[in-house]
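Raw entry-v7.txt, compact mmCIF, C-alpha atoms and all ligand atoms:
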# COMPACT_ATOMS: atom_id res chain seq x y z
CA MET M 649 -17.13 65.41 30.34
CA SER M 650 -14.49 66.08 32.98
CA THR M 651 -12.22 63.26 34.17
CA SER M 652 -13.95 63.27 37.55
CA ASP M 653 -17.19 61.97 36.01
CA GLY M 654 -15.73 59.73 33.29
CA PRO M 655 -16.86 56.13 32.89
CA LEU M 656 -13.94 54.89 35.02
CA SER M 657 -14.01 57.62 37.64
CA GLY M 658 -13.23 56.33 41.12
CA ARG M 659 -11.69 53.15 39.70
CA HIS M 660 -8.10 52.18 40.47
CA ILE M 661 -6.35 50.27 37.73
CA VAL M 662 -2.89 48.76 37.87
CA LEU M 663 -1.41 48.51 34.38
CA GLY M 664 1.44 46.01 34.17
CA VAL M 665 3.75 46.66 31.23
CA THR M 666 6.16 43.93 30.11
CA GLY M 667 8.94 43.90 27.54
CA SER M 668 7.32 43.70 24.11
CA ILE M 669 7.82 45.76 21.01
CA ALA M 670 4.16 46.77 21.53
CA CYS M 671 5.06 48.69 24.73
CA TYR M 672 4.50 52.00 22.96
CA LYS M 673 0.80 51.15 22.71
CA ALA M 674 0.66 50.90 26.52
CA LEU M 675 1.12 54.67 26.52
CA ASP M 676 -2.08 55.10 24.51
CA ILE M 677 -3.91 52.65 26.80
CA THR M 678 -2.69 54.63 29.83
CA SER M 679 -3.82 57.91 28.32
CA GLN M 680 -7.27 56.53 27.48
CA LEU M 681 -7.70 55.06 30.98
CA VAL M 682 -6.74 58.38 32.56
CA GLN M 683 -9.09 60.28 30.24
CA ALA M 684 -11.87 57.89 31.25
CA GLY M 685 -11.33 59.03 34.84
CA ALA M 686 -9.38 56.08 36.27
CA VAL M 687 -6.53 56.35 38.74
CA VAL M 688 -3.79 54.43 36.95
CA ASP M 689 -0.68 52.99 38.58
CA ILE M 690 1.97 51.58 36.29
CA ALA M 691 4.05 48.52 37.16
CA MET M 692 6.87 47.80 34.71
CA THR M 693 9.39 45.02 34.23
CA ALA M 694 13.03 45.90 33.64
CA SER M 695 12.62 44.73 30.02
CA ALA M 696 9.68 47.09 29.49
CA THR M 697 11.89 50.04 30.47
CA LYS M 698 14.13 49.23 27.48
CA PHE M 699 11.20 50.04 25.18
CA VAL M 700 9.53 52.98 26.93
CA THR M 701 10.59 55.02 29.93
CA PRO M 702 8.86 55.27 33.31
CA LEU M 703 9.05 59.04 32.81
CA THR M 704 6.60 58.93 29.91
CA PHE M 705 4.09 56.98 31.98
CA ARG M 706 4.64 59.34 34.91
CA SER M 707 3.81 62.28 32.67
CA LEU M 708 0.55 60.63 31.61
CA THR M 709 -0.60 59.42 35.03
CA ALA M 710 0.96 62.06 37.28
CA ARG M 711 2.03 59.12 39.46
CA GLU M 712 5.39 57.45 39.94
CA PRO M 713 5.57 54.09 38.12
CA TYR M 714 6.64 50.99 40.05
CA VAL M 715 9.69 49.39 38.51
CA ASP M 716 12.24 48.16 41.02
CA MET M 717 10.79 46.14 43.87
CA TRP M 718 13.96 46.66 45.92
CA HIS M 719 13.81 50.42 45.59
CA PRO M 720 11.49 51.88 48.25
CA HIS M 721 8.56 53.66 46.59
CA GLY M 722 7.69 57.03 48.14
CA GLU M 723 4.17 56.02 49.11
CA PHE M 724 4.13 52.61 50.80
CA GLY M 725 6.26 50.24 52.88
CA GLU M 726 5.45 47.11 50.86
CA ALA M 727 4.38 48.78 47.67
CA HIS M 728 3.29 45.66 45.79
CA VAL M 729 0.97 44.54 48.60
CA GLU M 730 -0.66 47.95 48.91
CA LEU M 731 -0.90 48.33 45.14
CA ALA M 732 -2.44 44.86 44.83
CA ARG M 733 -4.96 45.66 47.58
CA ARG M 734 -6.04 48.98 46.10
CA ALA M 735 -6.51 47.69 42.55
CA ASP M 736 -10.06 47.31 41.24
CA LEU M 737 -8.55 45.57 38.24
CA MET M 738 -5.09 44.62 37.03
CA LEU M 739 -4.40 44.77 33.31
CA ILE M 740 -1.16 43.52 31.80
CA ALA M 741 -0.71 45.04 28.35
CA PRO M 742 1.38 44.09 26.55
CA ALA M 743 1.90 40.70 28.21
CA THR M 744 5.03 38.89 26.98
CA ALA M 745 5.36 35.12 26.62
CA SER M 746 7.86 35.27 29.45
CA ALA M 747 5.48 37.20 31.74
CA MET M 748 2.68 34.71 30.98
CA ALA M 749 5.02 31.87 31.97
CA ARG M 750 5.96 33.55 35.24
CA LEU M 751 2.31 34.28 36.09
CA ALA M 752 1.19 30.77 35.20
CA HIS M 753 3.76 29.26 37.52
CA GLY M 754 3.37 31.70 40.37
CA LEU M 755 6.79 33.33 40.05
CA ALA M 756 7.04 36.75 41.60
CA ASP M 757 10.47 38.12 40.79
CA ASP M 758 9.51 41.41 39.16
CA PHE M 759 7.02 44.15 40.03
CA VAL M 760 4.38 42.99 37.54
CA SER M 761 4.24 39.30 38.45
CA LEU M 762 4.67 40.12 42.14
CA THR M 763 1.64 42.44 42.12
CA ALA M 764 -0.40 39.99 40.01
CA LEU M 765 0.27 37.26 42.55
CA ALA M 766 -0.64 39.49 45.46
CA THR M 767 -3.90 40.90 44.11
CA GLU M 768 -7.43 39.56 44.36
CA ALA M 769 -8.62 41.96 41.66
CA PRO M 770 -9.67 40.61 38.24
CA LEU M 771 -6.65 40.02 36.01
CA LEU M 772 -6.84 40.89 32.30
CA LEU M 773 -4.00 40.02 29.95
CA ALA M 774 -3.44 41.42 26.48
CA PRO M 775 -0.59 39.36 24.98
CA ALA M 776 1.70 40.59 22.24
CA MET M 777 4.36 38.44 20.63
CA ASP M 778 5.43 36.84 17.40
CA SER M 779 2.96 34.24 16.09
CA GLN M 780 5.43 31.36 16.65
CA MET M 781 5.80 32.34 20.30
CA TRP M 782 2.03 32.59 20.73
CA SER M 783 1.28 29.22 19.14
CA HIS M 784 4.13 27.47 20.99
CA ALA M 785 2.86 24.65 23.19
CA ALA M 786 4.45 26.24 26.28
CA THR M 787 2.62 29.54 25.76
CA GLN M 788 -0.69 27.82 25.02
CA PHE M 789 -0.25 25.67 28.15
CA ASN M 790 0.35 28.81 30.21
CA ARG M 791 -2.66 30.55 28.65
CA ALA M 792 -4.93 27.61 29.50
CA LEU M 793 -3.60 27.47 33.05
CA LEU M 794 -4.17 31.19 33.57
CA GLU M 795 -7.68 31.04 32.08
CA GLU M 796 -8.53 28.11 34.30
CA ARG M 797 -7.63 30.30 37.26
CA GLY M 798 -9.93 33.09 36.09
CA ALA M 799 -7.58 35.37 34.18
CA GLN M 800 -9.27 36.94 31.15
CA PHE M 801 -7.40 37.21 27.86
CA ILE M 802 -7.95 40.02 25.37
CA GLY M 803 -6.58 38.81 22.07
CA PRO M 804 -4.02 38.61 20.67
CA ALA M 805 -5.31 39.85 17.33
CA GLU M 806 -4.34 38.55 13.93
CA GLY M 807 -2.44 40.78 11.56
CA ARG M 808 0.95 42.04 10.56
CA LEU M 809 3.55 41.51 13.28
CA ALA M 810 6.75 43.43 14.01
CA SER M 811 8.75 40.49 12.60
CA GLY M 812 7.09 41.03 9.22
CA ARG M 813 5.08 37.82 9.56
CA THR M 814 1.29 37.81 9.49
CA GLY M 815 -0.56 35.81 12.12
CA ALA M 816 -1.91 35.81 15.68
CA GLY M 817 0.18 37.84 18.10
CA ARG M 818 -0.68 41.51 17.65
CA LEU M 819 -1.70 43.50 20.68
CA VAL M 820 -5.42 44.26 20.46
CA GLU M 821 -6.02 47.94 19.68
CA PRO M 822 -5.87 50.19 22.77
CA ARG M 823 -9.50 51.37 22.35
CA ALA M 824 -10.77 47.78 22.44
CA ILE M 825 -8.59 46.95 25.46
CA VAL M 826 -9.96 49.93 27.36
CA ASP M 827 -13.51 48.89 26.36
CA GLU M 828 -12.85 45.42 27.82
CA VAL M 829 -11.64 47.00 31.05
CA ARG M 830 -14.83 49.08 31.25
CA ALA M 831 -17.01 46.05 30.48
CA ARG M 832 -15.26 43.88 33.04
CA LEU M 833 -15.52 46.46 35.81
CA GLY M 834 -19.20 46.87 34.95
CA ARG M 835 -19.76 43.12 35.26
CA GLU M 836 -18.03 43.16 38.67
CA ARG M 837 -20.29 45.75 40.27
CA GLY M 838 -22.43 47.65 37.75
CA ASP M 839 -26.14 48.04 38.56
CA LEU M 840 -27.14 46.34 35.26
CA ARG M 841 -24.96 43.25 35.70
CA GLY M 842 -26.80 40.09 34.80
CA ARG M 843 -29.24 42.01 32.56
CA THR M 844 -29.55 41.69 28.81
CA ILE M 845 -30.34 44.86 26.94
CA ILE M 846 -31.06 45.12 23.22
CA VAL M 847 -30.29 48.49 21.70
CA SER M 848 -31.08 49.43 18.13
CA ALA M 849 -29.08 52.10 16.33
CA GLY M 850 -28.74 53.89 13.01
CA GLY M 851 -31.10 54.63 10.17
CA THR M 852 -32.53 51.74 8.21
CA ARG M 853 -31.99 51.55 4.45
CA GLU M 854 -34.94 50.51 2.33
CA ALA M 855 -33.90 49.21 -1.06
CA ILE M 856 -35.11 50.88 -4.27
CA ASP M 857 -32.84 48.68 -6.37
CA PRO M 858 -29.55 46.84 -5.64
CA VAL M 859 -27.59 50.11 -5.39
CA ARG M 860 -30.04 52.71 -4.07
CA PHE M 861 -32.11 53.07 -0.96
CA VAL M 862 -34.49 55.32 0.93
CA GLY M 863 -32.71 56.33 4.14
CA ASN M 864 -32.51 58.98 6.83
CA HIS M 865 -29.90 61.08 8.62
CA SER M 866 -29.50 58.96 11.76
CA SER M 867 -25.78 58.40 12.50
CA GLY M 868 -26.30 55.66 15.10
CA LYS M 869 -24.38 57.69 17.71
CA MET M 870 -27.17 57.79 20.31
CA GLY M 871 -27.71 54.01 20.12
CA ARG M 872 -23.96 53.45 20.22
CA ALA M 873 -23.69 55.61 23.37
CA ILE M 874 -26.53 53.68 25.05
CA ALA M 875 -24.84 50.37 24.20
CA GLU M 876 -21.56 51.63 25.63
CA ALA M 877 -23.15 52.98 28.78
CA ALA M 878 -25.19 49.79 29.38
CA ARG M 879 -22.03 47.71 28.90
CA ASP M 880 -20.16 49.93 31.37
CA ARG M 881 -22.94 49.29 33.91
CA GLY M 882 -22.50 45.54 33.52
CA ALA M 883 -25.27 44.61 31.07
CA SER M 884 -24.88 42.07 28.32
CA VAL M 885 -25.60 44.26 25.34
CA VAL M 886 -26.87 43.31 21.90
CA LEU M 887 -26.48 46.23 19.51
CA VAL M 888 -28.65 45.82 16.42
CA THR M 889 -27.29 48.45 14.10
CA THR M 890 -27.07 49.68 10.54
CA VAL M 891 -23.63 51.19 11.31
CA ALA M 892 -21.77 48.16 12.65
CA GLY M 893 -18.38 49.58 11.63
CA ASP M 894 -18.70 52.16 14.40
CA ALA M 895 -19.80 49.71 17.12
CA PRO M 896 -18.05 49.69 20.51
CA SER M 897 -16.11 46.62 21.67
CA ALA M 898 -17.34 44.17 24.27
CA VAL M 899 -20.94 44.29 23.03
CA ARG M 900 -22.58 41.77 20.69
CA VAL M 901 -23.13 43.46 17.35
CA VAL M 902 -25.81 42.41 14.87
CA SER M 903 -25.44 44.20 11.57
CA VAL M 904 -28.69 44.95 9.71
CA ASP M 905 -29.78 47.04 6.79
CA SER M 906 -33.55 47.38 6.38
CA ALA M 907 -36.42 47.72 8.86
CA ASP M 908 -37.37 44.11 8.05
CA ASP M 909 -33.83 42.91 8.92
CA MET M 910 -33.89 44.90 12.14
CA SER M 911 -37.29 43.52 13.08
CA ALA M 912 -36.17 39.91 12.49
CA ALA M 913 -32.97 40.43 14.51
CA ILE M 914 -34.90 41.91 17.43
CA HIS M 915 -37.74 39.38 17.43
CA GLU M 916 -35.18 36.55 17.43
CA ARG M 917 -33.44 37.84 20.56
CA VAL M 918 -36.03 39.74 22.57
CA GLY M 919 -37.32 36.67 24.46
CA LYS M 920 -34.12 36.65 26.53
CA ALA M 921 -33.88 40.41 27.03
CA ASP M 922 -34.73 42.56 30.04
CA ALA M 923 -34.99 45.80 28.07
CA LEU M 924 -35.35 46.94 24.48
CA ILE M 925 -34.17 50.45 23.71
CA MET M 926 -35.14 51.50 20.18
CA ALA M 927 -32.80 54.37 19.39
CA ALA M 928 -32.71 53.45 15.68
CA ALA M 929 -34.47 55.61 13.12
CA VAL M 930 -36.55 52.88 11.52
CA ALA M 931 -38.09 53.85 8.19
CA ASP M 932 -41.87 54.16 8.41
CA TYR M 933 -42.16 53.27 4.70
CA ARG M 934 -40.28 51.11 2.18
CA PRO M 935 -40.52 50.86 -1.60
CA ALA M 936 -43.27 48.39 -2.42
CA ASP M 937 -41.19 46.50 -4.98
CA ALA M 938 -37.41 46.84 -5.02
CA ALA M 939 -36.11 46.43 -8.57
CA GLN M 940 -33.97 43.33 -9.08
CA GLN M 941 -31.50 45.18 -11.32
CA LYS M 942 -30.18 48.72 -11.20
CA ILE M 943 -32.69 51.18 -12.63
CA LYS M 944 -31.00 53.03 -15.50
CA ARG M 945 -31.51 56.64 -16.49
CA GLY M 946 -33.04 57.13 -19.93
CA GLU M 947 -34.68 53.71 -20.19
CA VAL M 948 -38.00 54.39 -18.47
CA GLY M 949 -38.26 58.20 -18.25
CA ASP M 950 -39.64 59.67 -15.01
CA ILE M 951 -40.47 57.11 -12.38
CA SER M 952 -42.40 57.13 -9.15
CA ILE M 953 -41.90 54.78 -6.25
CA ASP M 954 -44.83 53.34 -4.34
CA LEU M 955 -44.17 53.13 -0.63
CA VAL M 956 -45.76 50.70 1.78
CA GLU M 957 -45.84 51.01 5.54
CA ASN M 958 -43.25 49.12 7.58
CA GLU M 959 -44.05 47.20 10.73
CA ASP M 960 -43.82 49.26 13.94
CA ILE M 961 -41.12 47.09 15.54
CA ILE M 962 -41.40 48.25 19.14
CA ALA M 963 -45.20 48.18 19.13
CA GLY M 964 -45.08 44.60 17.83
CA VAL M 965 -42.93 43.30 20.69
CA SER M 966 -44.96 42.28 23.72
CA GLU M 967 -42.78 40.15 25.99
CA PRO M 968 -43.95 40.18 29.60
CA ASN M 969 -41.68 42.21 31.92
CA LEU M 970 -39.70 43.64 29.00
CA VAL M 971 -38.93 47.31 29.59
CA LYS M 972 -39.49 49.00 26.23
CA VAL M 973 -38.01 52.43 25.53
CA ALA M 974 -39.13 54.22 22.38
CA PHE M 975 -37.58 57.26 20.74
CA ALA M 976 -39.36 60.14 19.05
CA ALA M 977 -37.33 62.27 16.67
CA GLU M 978 -39.60 65.16 15.80
CA THR M 979 -39.48 68.41 13.87
CA GLN M 980 -42.62 69.97 15.41
CA ASP M 981 -44.92 69.56 18.43
CA LEU M 982 -42.20 67.46 20.07
CA ILE M 983 -43.85 66.65 23.37
CA ALA M 984 -47.41 66.16 22.07
CA ASN M 985 -46.19 63.82 19.34
CA ALA M 986 -43.96 61.91 21.75
CA GLN M 987 -46.84 61.48 24.21
CA LYS M 988 -49.01 60.02 21.44
CA LYS M 989 -46.25 57.61 20.47
CA LEU M 990 -45.62 56.51 24.04
CA ALA M 991 -49.21 55.33 24.30
CA SER M 992 -49.35 53.70 20.86
CA LYS M 993 -46.14 51.71 21.27
CA GLY M 994 -46.84 50.22 24.70
CA ALA M 995 -43.47 51.54 25.88
CA LYS M 996 -42.60 52.39 29.50
CA LEU M 997 -40.57 55.41 28.46
CA ILE M 998 -40.16 57.57 25.41
CA VAL M 999 -37.13 59.71 24.69
CA ALA M 1000 -38.05 62.77 22.66
CA ASN M 1001 -35.59 64.86 20.74
CA ASP M 1002 -35.98 67.81 18.46
CA VAL M 1003 -33.95 66.95 15.38
CA THR M 1004 -34.09 70.50 14.01
CA ALA M 1005 -31.52 71.66 16.63
CA THR M 1006 -27.92 71.93 15.34
CA ASP M 1007 -26.29 70.84 18.60
CA ALA M 1008 -28.56 67.85 19.26
CA GLY M 1009 -30.22 64.99 17.41
CA PHE M 1010 -28.79 63.55 14.18
CA GLY M 1011 -25.04 63.18 13.77
CA THR M 1012 -23.91 65.25 16.78
CA ASP M 1013 -21.99 64.04 19.83
CA THR M 1014 -24.36 65.91 22.13
CA ASN M 1015 -28.08 65.70 22.68
CA ARG M 1016 -30.89 67.45 24.51
CA ILE M 1017 -33.69 65.07 25.37
CA THR M 1018 -36.96 64.84 27.22
CA ILE M 1019 -37.89 61.55 28.85
CA LEU M 1020 -41.64 60.92 29.23
CA ASP M 1021 -43.11 58.07 31.23
CA THR M 1022 -46.50 56.36 31.42
CA ASP M 1023 -47.36 58.11 34.71
CA GLY M 1024 -47.30 61.47 32.97
CA GLY M 1025 -43.81 62.24 34.29
CA ARG M 1026 -41.48 64.44 32.27
CA GLU M 1027 -37.70 64.78 32.70
CA ASP M 1028 -35.96 67.47 30.66
CA VAL M 1029 -32.31 66.58 30.19
CA PRO M 1030 -30.26 69.62 29.14
CA LEU M 1031 -27.56 69.56 26.47
CA MET M 1032 -24.89 66.99 27.34
CA THR M 1033 -22.87 64.26 25.59
CA LYS M 1034 -24.83 61.37 24.16
CA TYR M 1035 -23.03 59.07 26.63
CA GLU M 1036 -24.26 61.21 29.53
CA CYS M 1037 -27.79 61.24 28.04
CA ALA M 1038 -27.53 57.45 27.77
CA MET M 1039 -26.70 57.25 31.48
CA ARG M 1040 -29.82 59.30 32.31
CA ILE M 1041 -31.99 56.99 30.17
CA LEU M 1042 -30.44 53.91 31.80
CA ASP M 1043 -31.05 55.35 35.30
CA ARG M 1044 -34.74 55.29 34.41
CA VAL M 1045 -34.56 51.82 32.86
CA ALA M 1046 -32.78 50.48 35.97
CA GLU M 1047 -35.67 51.76 38.16
CA LEU M 1048 -38.22 49.98 35.95
CA LEU M 1049 -36.53 46.57 35.79
CA PRO M 1050 -38.05 43.94 38.05
CA ARG M 1051 -35.77 43.06 40.98
CA ALA M 1052 -33.12 40.57 39.97
CA ASP M 1053 -33.42 38.14 42.93
C1 LIG E 1101 13.37 44.03 20.23
C2 LIG E 1101 12.68 43.00 21.07
C3 LIG E 1101 11.33 42.85 20.96
C4 LIG E 1101 10.65 41.89 21.72
N1 LIG E 1101 9.29 41.78 21.59
C5 LIG E 1101 8.65 40.82 22.31
C6 LIG E 1101 7.26 40.67 22.18
O1 LIG E 1101 6.57 41.40 21.43
N2 LIG E 1101 6.64 39.71 22.92
C7 LIG E 1101 7.35 38.88 23.76
O2 LIG E 1101 6.74 38.02 24.38
N3 LIG E 1101 8.67 39.03 23.91
C8 LIG E 1101 9.34 39.97 23.20
N4 LIG E 1101 10.70 40.10 23.35
C9 LIG E 1101 11.39 39.27 24.31
C10 LIG E 1101 11.18 39.77 25.72
O3 LIG E 1101 11.55 41.14 25.81
C11 LIG E 1101 12.02 38.93 26.71
O4 LIG E 1101 11.48 37.62 26.74
C12 LIG E 1101 12.05 39.54 28.07
O5 LIG E 1101 12.82 38.72 28.91
C13 LIG E 1101 10.67 39.72 28.63
O6 LIG E 1101 10.77 40.25 29.91
P1 LIG E 1101 9.52 40.63 30.80
O7 LIG E 1101 8.49 39.59 30.55
O8 LIG E 1101 10.05 40.61 32.20
O9 LIG E 1101 9.10 41.99 30.42
C14 LIG E 1101 11.38 41.07 22.59
C15 LIG E 1101 12.76 41.24 22.72
C16 LIG E 1101 13.40 42.18 21.97
C17 LIG E 1101 14.89 42.34 22.13
Represent the structure from my file as structure tokens, please.
Ligand SMILES: Cc1cc2nc3c(=O)[nH]c(=O)nc-3n(C[C@H](O)[C@H](O)[C@H](O)COP(=O)(O)O)c2cc1C
Amino acid sequence: MSTSDGPLSGRHIVLGVTGSIACYKALDITSQLVQAGAVVDIAMTASATKFVTPLTFRSLTAREPYVDMWHPHGEFGEAHVELARRADLMLIAPATASAMARLAHGLADDFVSLTALATEAPLLLAPAMDSQMWSHAATQFNRALLEERGAQFIGPAEGRLASGRTGAGRLVEPRAIVDEVRARLGRERGDLRGRTIIVSAGGTREAIDPVRFVGNHSSGKMGRAIAEAARDRGASVVLVTTVAGDAPSAVRVVSVDSADDMSAAIHERVGKADALIMAAAVADYRPADAAQQKIKRGEVGDISIDLVENEDIIAGVSEPNLVKVAFAAETQDLIANAQKKLASKGAKLIVANDVTATDAGFGTDTNRITILDTDGGREDVPLMTKYECAMRILDRVAELLPRAD
């Protein structure tokens, strides 16, 4: 994917950097925002420049950082006002205790607080400081005041701090901060804002005994990409997955193991959903009786396992107005099999993929899919990233959702 069509393409983000030991992570955040296609302007406090240089940010953004409000910036007369006006979102990461205090009380004596006061864009703060500073009554008072005014906090996380202490105060990991930025921008103006979408992902594991299972090769990457894309378009996403460790941030994750678990998790939540996208590879069969203890070699000789059919989860969900999207992973007669499934599952769409291809299907970062609909329509989507495929699927889902008014 080129930067021009990344998930943040066309978005202008002002990243405020204040003087914390975690400033070096702001470089990673900047790089990730730029790679996601955003135009990123950096505003720095004088303290921040003691930790990292404006030059490093300039190299990453190809734009001159804003540091000294008295030094005329090449581009604008009143740089902070113009910067504040152009921002789709302002992120301050890391945010020091001192910066939080200045923002809470409306001070505007450095480029970061000045721009934050002048902007009407959503303000996200990712604090980083020692745990004592974070838990101090003054900092907590400032946090509450800022939240009351609509600022959104990301973290801080718990963990080992630069001081050697362990506690709350760590900057949230750059990937999760960037995910929050994407989610927040989606909620501001994405076409799926206000919608709830359940996505299932990964291959289910059907227990043979407490240590073994019948499984499949699904990596969960397609479902993960759909969850990410739906979040970026503003949806509230519930990701029901067997690979929760790989889940994106800013989505609700429900970790499951077997087809039965997945079914229960979906049935419990589907009443409030607008769409159900079943990208998971749900086992068609499970062992009839899972052994209570580990089956040991040599004790029983050869064994055979009786399999019983699992519930067809998507076929069993029949909420009115729910847009159901099924998946068909096939090794032969792809389209004919997918068409049969579309009818039997009561889905509005089915996404077919040939899992024998080496560049598509299980485990890859790319996919080649065909989307079939109930009117006999067929859309062949050529090889592209799973995120891009997810966007194509969601374009179709968005058309099928009843109007939101
Ligand atoms: C080595 C060092 C590390 C610091 N790390 C932090 C930090 O992680 N968080 C914080 O709130 N302040 C930290 N401070 C204190 C701030 O840099 C100080 O309060 C400064 O005035 C903040 O300025 P600013 O908010 O304008 O960037 C640190 C100071 C030093 C000398």
Check: Quick one: residues within 7 Å of ligand LIG 1101 (chain E), with only C-alpha atoms and all ligand atoms, as a ChimeraX atom specification?
Finding: /M:666-670,693-696,743-747,776-778
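Here CA of Leu751 (chain M) is placed at a distance of 15.0 Å from CA of His728 (chain M).
Residue nearest Arg832 (chain M) within the list M:Leu663, M:Ile802, M:Leu1042, M:Val999: M:Ile802 [criterion: smallest interatomic distance, all atoms listed in the file].
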Next item on the list: List every protein, DNA or RNA residue that has at least one atom no more than 8 Å from (-16.9, 49.8, 29.1) in the file's coordinates, counting all atoms listed in the file, and write the result as an NGL selection string.
Entry: :M and (655 or 826-834 or 876-877 or 879-881 or 898)
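Among the candidate residues M:Arg797, M:Gly807, M:Ala816, M:Val885, the one lying nearest to Ser779 (chain M) is M:Ala816, with distances computed using all atoms listed in the file.
Pairwise distance (CA of Ser848 (chain M), CA of Arg934 (chain M)) equals 18.5 Å.
Between Asp653 (chain M) and the candidates M:Ala1000, M:Val971, M:Val886, M:Met1039, the tightest atom-to-atom separation, counting all atoms listed in the file, involves M:Met1039.
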